[in-house]
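J.: File entry.pdb follows (PDB, C-alpha atoms):
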```pdb
ATOM      1  CA  MET A  48      -0.210 -12.416   7.527
ATOM      2  CA  TYR A  49       1.069  -8.896   8.211
ATOM      3  CA  GLY A  50       1.491  -5.813   6.091
ATOM      4  CA  VAL A  51       3.172  -2.437   6.403
ATOM      5  CA  LEU A  52       1.213   0.188   4.542
ATOM      6  CA  VAL A  53      -0.003   3.732   4.104
ATOM      7  CA  TRP A  54      -3.679   4.620   4.420
ATOM      8  CA  PRO A  55      -4.748   7.266   1.888
ATOM      9  CA  PRO A  56      -6.368  10.511   3.051
ATOM     10  CA  ALA A  57     -10.110  10.197   3.721
ATOM     11  CA  ARG A  58     -11.059  12.061   0.534
ATOM     12  CA  LEU A  59      -9.092   9.632  -1.662
ATOM     13  CA  LYS A  60     -10.291   6.593   0.304
ATOM     14  CA  VAL A  61     -13.954   7.547  -0.148
ATOM     15  CA  PHE A  62     -13.381   8.319  -3.853
ATOM     16  CA  MET A  63     -11.868   4.877  -4.427
ATOM     17  CA  GLU A  64     -14.563   3.079  -2.418
ATOM     18  CA  GLU A  65     -17.266   4.847  -4.448
ATOM     19  CA  LEU A  66     -15.552   3.774  -7.683
ATOM     20  CA  GLN A  67     -15.368   0.195  -6.422
ATOM     21  CA  ALA A  68     -19.075   0.199  -5.566
ATOM     22  CA  ALA A  69     -20.040   1.804  -8.885
ATOM     23  CA  HIS A  70     -18.073  -0.771 -10.907
ATOM     24  CA  GLY A  71     -18.702  -3.814  -8.690
ATOM     25  CA  VAL A  72     -15.004  -4.415  -7.965
ATOM     26  CA  LYS A  73     -12.780  -4.633  -4.906
ATOM     27  CA  GLY A  74      -9.169  -4.877  -3.794
ATOM     28  CA  PHE A  75      -7.799  -6.659  -0.750
ATOM     29  CA  GLY A  76      -9.145  -4.714   2.220
ATOM     30  CA  PRO A  77      -9.758  -0.967   2.133
ATOM     31  CA  PRO A  78      -7.706   1.191  -0.251
ATOM     32  CA  HIS A  79      -4.057   1.343   0.812
ATOM     33  CA  LEU A  80      -0.500   1.518  -0.472
ATOM     34  CA  ASN A  81       1.800  -1.344   0.499
ATOM     35  CA  LEU A  82       5.245  -0.313   1.656
ATOM     36  CA  ARG A  83       6.376  -3.927   1.362
ATOM     37  CA  GLN A  84       4.910  -7.291   0.420
ATOM     38  CA  PRO A  85       2.738  -9.154   2.953
ATOM     39  CA  PHE A  86       4.662 -11.476   5.260
ATOM     40  CA  ASP A  87       4.313 -13.911   8.142
ATOM     41  CA  TRP A  88       5.893 -13.078  11.499
ATOM     42  CA  PRO A  89       6.825 -16.134  13.604
ATOM     43  CA  TYR A  90       7.442 -14.203  16.849
ATOM     44  CA  GLU A  91       5.328 -12.162  19.250
ATOM     45  CA  GLU A  92       3.498  -9.224  17.698
ATOM     46  CA  GLU A  93       5.175  -6.914  20.228
ATOM     47  CA  ALA A  94       8.564  -7.889  18.776
ATOM     48  CA  LEU A  95       7.329  -6.895  15.332
ATOM     49  CA  LYS A  96       6.236  -3.484  16.611
ATOM     50  CA  ILE A  97       9.668  -2.958  18.199
ATOM     51  CA  ALA A  98      11.429  -4.028  14.988
ATOM     52  CA  LEU A  99       9.295  -1.667  12.909
ATOM     53  CA  GLU A 100       9.890   1.226  15.282
ATOM     54  CA  GLY A 101      13.618   0.728  14.864
ATOM     55  CA  ILE A 102      13.438   0.505  11.066
ATOM     56  CA  LEU A 103      11.183   3.563  10.740
ATOM     57  CA  ARG A 104      13.263   5.757  13.039
ATOM     58  CA  GLY A 105      14.882   8.475  11.007
ATOM     59  CA  HIS A 106      12.585   8.192   7.972
ATOM     60  CA  ALA A 107      11.028  11.604   7.400
ATOM     61  CA  PRO A 108       7.524  12.296   6.063
ATOM     62  CA  PHE A 109       7.457  12.484   2.265
ATOM     63  CA  ARG A 110       5.163  13.516  -0.560
ATOM     64  CA  LEU A 111       3.397  10.816  -2.563
ATOM     65  CA  ARG A 112       2.284  12.010  -5.989
ATOM     66  CA  LEU A 113      -0.597  10.190  -7.676
ATOM     67  CA  GLY A 114      -0.313   9.235 -11.320
ATOM     68  CA  PRO A 115      -2.635   7.680 -13.867
ATOM     69  CA  TRP A 116      -4.844   4.636 -13.558
ATOM     70  CA  ARG A 117      -3.196   1.523 -14.956
ATOM     71  CA  ALA A 118      -3.976  -2.168 -15.439
ATOM     72  CA  TRP A 119      -1.733  -5.201 -15.127
ATOM     73  CA  PRO A 120      -2.385  -8.153 -17.444
ATOM     74  CA  GLN A 121      -3.215 -10.231 -14.336
ATOM     75  CA  GLY A 122      -6.529  -8.354 -14.079
ATOM     76  CA  VAL A 123      -5.505  -5.694 -11.535
ATOM     77  CA  VAL A 124      -6.505  -2.035 -11.809
ATOM     78  CA  TYR A 125      -4.449   0.405  -9.766
ATOM     79  CA  LEU A 126      -3.662   4.053  -9.195
ATOM     80  CA  ARG A 127       0.048   4.635  -9.777
ATOM     81  CA  ALA A 128       1.915   6.486  -7.023
ATOM     82  CA  TYR A 129       5.324   8.147  -7.015
ATOM     83  CA  GLY A 130       7.269   8.745  -3.824
ATOM     84  CA  GLY A 131      10.740   9.372  -5.176
ATOM     85  CA  GLU A 132      13.908   8.521  -3.292
ATOM     86  CA  ALA A 133      12.253   8.863   0.135
ATOM     87  CA  PHE A 134       9.783   6.101  -0.767
ATOM     88  CA  ARG A 135      12.490   3.870  -2.274
ATOM     89  CA  ARG A 136      14.658   4.259   0.854
ATOM     90  CA  LEU A 137      11.762   3.298   3.126
ATOM     91  CA  HIS A 138      10.726   0.377   0.898
ATOM     92  CA  ARG A 139      14.305  -0.992   0.867
ATOM     93  CA  ALA A 140      14.631  -0.551   4.651
ATOM     94  CA  LEU A 141      11.502  -2.656   5.253
ATOM     95  CA  GLU A 142      12.354  -5.538   2.907
ATOM     96  CA  PRO A 143      14.732  -7.414   5.296
ATOM     97  CA  LEU A 144      12.075  -7.458   8.057
ATOM     98  CA  ALA A 145      10.780 -10.883   6.972
ATOM     99  CA  PRO A 146      10.563 -12.899   3.752
ATOM    100  CA  PRO A 147       7.436 -12.156   1.681
ATOM    101  CA  LEU A 148       4.660 -14.735   1.635
ATOM    102  CA  LYS A 149       4.860 -14.844  -2.133
ATOM    103  CA  GLU A 150       7.372 -13.033  -4.317
ATOM    104  CA  ILE A 151       5.105 -10.971  -6.532
ATOM    105  CA  GLU A 152       6.815  -7.615  -6.632
ATOM    106  CA  GLY A 153      10.553  -8.066  -6.234
ATOM    107  CA  PRO A 154      12.969  -5.203  -6.797
ATOM    108  CA  SER A 155      10.784  -3.709  -9.530
ATOM    109  CA  TYR A 156       7.963  -2.833  -7.117
ATOM    110  CA  ILE A 157       5.645  -0.127  -8.463
ATOM    111  CA  PRO A 158       3.998   1.916  -5.682
ATOM    112  CA  HIS A 159       0.228   1.859  -6.167
ATOM    113  CA  LEU A 160      -3.230   1.772  -4.617
ATOM    114  CA  THR A 161      -5.269  -1.179  -5.877
ATOM    115  CA  LEU A 162      -8.812  -0.508  -7.048
ATOM    116  CA  ALA A 163      -9.722  -3.954  -8.442
ATOM    117  CA  LEU A 164      -8.427  -7.523  -8.416
ATOM    118  CA  ASP A 165      -9.307 -10.685 -10.346
ATOM    119  CA  LEU A 166     -10.723  -9.101 -13.493
ATOM    120  CA  SER A 167     -10.193 -10.368 -16.997
ATOM    121  CA  PRO A 168      -7.292  -8.557 -18.669
ATOM    122  CA  GLU A 169      -9.715  -6.941 -21.115
ATOM    123  CA  ARG A 170     -12.081  -5.700 -18.409
ATOM    124  CA  ALA A 171      -9.185  -4.398 -16.321
ATOM    125  CA  GLU A 172      -7.758  -2.423 -19.245
ATOM    126  CA  ALA A 173     -11.174  -1.006 -20.199
ATOM    127  CA  LEU A 174     -11.905  -0.005 -16.601
ATOM    128  CA  ALA A 175      -8.505   1.677 -16.155
ATOM    129  CA  GLN A 176      -9.022   3.694 -19.353
ATOM    130  CA  GLY A 177     -12.413   5.029 -18.272
ATOM    131  CA  LEU A 178     -11.777   6.081 -14.665
ATOM    132  CA  PRO A 179     -11.828   9.728 -13.574
ATOM    133  CA  LYS A 180      -8.812  11.471 -12.090
ATOM    134  CA  PRO A 181      -8.576  11.259  -8.307
ATOM    135  CA  PRO A 182      -9.785  14.293  -6.325
ATOM    136  CA  ILE A 183      -6.240  15.026  -5.117
ATOM    137  CA  GLY A 184      -2.942  14.903  -6.972
ATOM    138  CA  SER A 185      -0.695  14.129  -4.021
ATOM    139  CA  PHE A 186      -0.534  13.784  -0.261
ATOM    140  CA  THR A 187       2.099  13.707   2.466
ATOM    141  CA  VAL A 188       2.846  10.370   4.104
ATOM    142  CA  ARG A 189       3.263  11.161   7.802
ATOM    143  CA  GLU A 190       2.663   7.738   9.325
ATOM    144  CA  VAL A 191       2.866   4.053   8.554
ATOM    145  CA  ALA A 192       0.398   1.372   9.658
ATOM    146  CA  LEU A 193       1.103  -2.205  10.668
ATOM    147  CA  VAL A 194      -1.855  -4.430   9.774
ATOM    148  CA  ARG A 195      -2.768  -8.072  10.211
ATOM    149  CA  SER A 196      -5.149  -9.822   7.838
ATOM    150  CA  GLU A 197      -8.289 -11.287   9.374
ATOM    151  CA  GLY A 198      -9.909 -13.196   6.526
ATOM    152  CA  GLU A 199     -10.572 -10.571   3.860
ATOM    153  CA  ALA A 200     -10.217  -7.675   6.314
ATOM    154  CA  LEU A 201      -7.143  -5.754   7.402
ATOM    155  CA  LEU A 202      -6.965  -5.104  11.131
ATOM    156  CA  GLU A 203      -4.723  -2.215  12.125
ATOM    157  CA  VAL A 204      -2.300  -3.294  14.856
ATOM    158  CA  ALA A 205      -0.272  -0.076  15.277
ATOM    159  CA  ARG A 206       0.647   3.238  13.666
ATOM    160  CA  PHE A 207       4.096   4.719  13.544
ATOM    161  CA  PRO A 208       4.739   8.418  12.879
ATOM    162  CA  LEU A 209       7.530   9.245  10.475
ATOM    163  CA  GLY A 210      10.116  11.848  11.365
ATOM    164  CA  LEU A 211      11.138  10.649  14.816
ATOM    165  CA  PRO A 212      14.870  10.966  15.532
TER     166      PRO A 212
END
```
Would you give me this structure, written as structure tokens?

T.:
Amino acid sequence: MYGVLVWPPARLKVFMEELQAAHGVKGFGPPHLNLRQPFDWPYEEEALKIALEGILRGHAPFRLRLGPWRAWPQGVVYLRAYGGEAFRRLHRALEPLAPPLKEIEGPSYIPHLTLALDLSPERAEALAQGLPKPPIGSFTVREVALVRSEGEALLEVARFPLGLP
């Protein structure tokens, strides 16, 4: 399984990992923001890197603003993110790369960083209501990571800078 994502700045990553440890929760892999749903790639990994390079060419760095903590009824707690039209353009450009493993987001995808998975709806809502604001309000997305899942870990395969002609 592969993913195309954004790693948060170190300060936000550490903040989220400390919250996870304090509350005994976890997401899938380290904190990250998916740019598209996870997918399988039936060809050589090098072909995927080439395809991604082509898709990402011309997408400029953009600001990602962080919003409030929220909970989905499925027991997920997440930090809402807003990237505006630049994010939507990039998200749409990546969708045709390969079919998703499981259609869970669809066209109504909400950019976010997951803090916790598999909680009861009540615990998720209570946790989301009591979390502190993140230490930063926004950050600039300058690069995109290609990752492959290795069990419960995410192994970075490549990074691609944004803003190349």

J.: Determine the nearest neighbour of Pro147 (chain A) from the options A:Leu160, A:Leu113, A:Ile97, A:Val51, counting all atoms listed in the file.

T.: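 The closest residue to Pro147 (chain A) is A:Val51.
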
J.: May I ask which of the residues A:Glu92, A:Glu100, A:Glu190, A:Glu169 is the closest one to Pro208 (chain A), counting only C-alpha atoms?

T.: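 The answer is A:Glu190, which sits nearest to Pro208 (chain A).
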
J.: The PyMOL selection byres ((chain A and resi 172-179) around 7) on the file shown: which residues, as an MDAnalysis selection string?

T.: chainID A and resid 116:118 124 168:171 180:181

J.: Please evaluate the PyMOL selection byres ((chain A and resi 158) around 9) against the structure above and give the resulting residues as an MDAnalysis selection string.

T.: chainID A and resid 80:82 126:130 134 156:157 159:160

J.: Find, counting all atoms listed in the file, the residue in A:Arg139, A:Asp165, A:Gly76, A:Leu95 that gets nearest to Pro120 (chain A).

T.: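 Of A:Arg139, A:Asp165, A:Gly76, A:Leu95, the one nearest Pro120 (chain A) is A:Asp165, counting all atoms listed in the file.
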
J.: Apply the PyMOL selection byres ((chain A and resi 105) around 8) to the file shown and report the selected residues as a PyMOL selection string.

T.: chain A and resi 103-104+106-107+209-212

J.: Between A:Val72, A:Lys96, A:Trp88, A:Pro146, which residue has the minimum interatomic distance to Tyr125 (chain A), considering all atoms listed in the file?

T.: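 Comparing A:Val72, A:Lys96, A:Trp88, A:Pro146 against Tyr125 (chain A), the winner is A:Val72.
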
J.: Please measure the separation of CA of Pro115 (chain A) and CA of Arg195 (chain A), giving the value in Å to one decimal.

T.: 28.8 Å

J.: Mind giving me the straight-line distance from CA of Arg135 (chain A) to CA of Lys73 (chain A) in Å, one decimal?

T.: 26.8 Å

J.: In Å to one decimal, how far is CA of Gly74 (chain A) from CA of Trp119 (chain A)?

T.: 13.6 Å
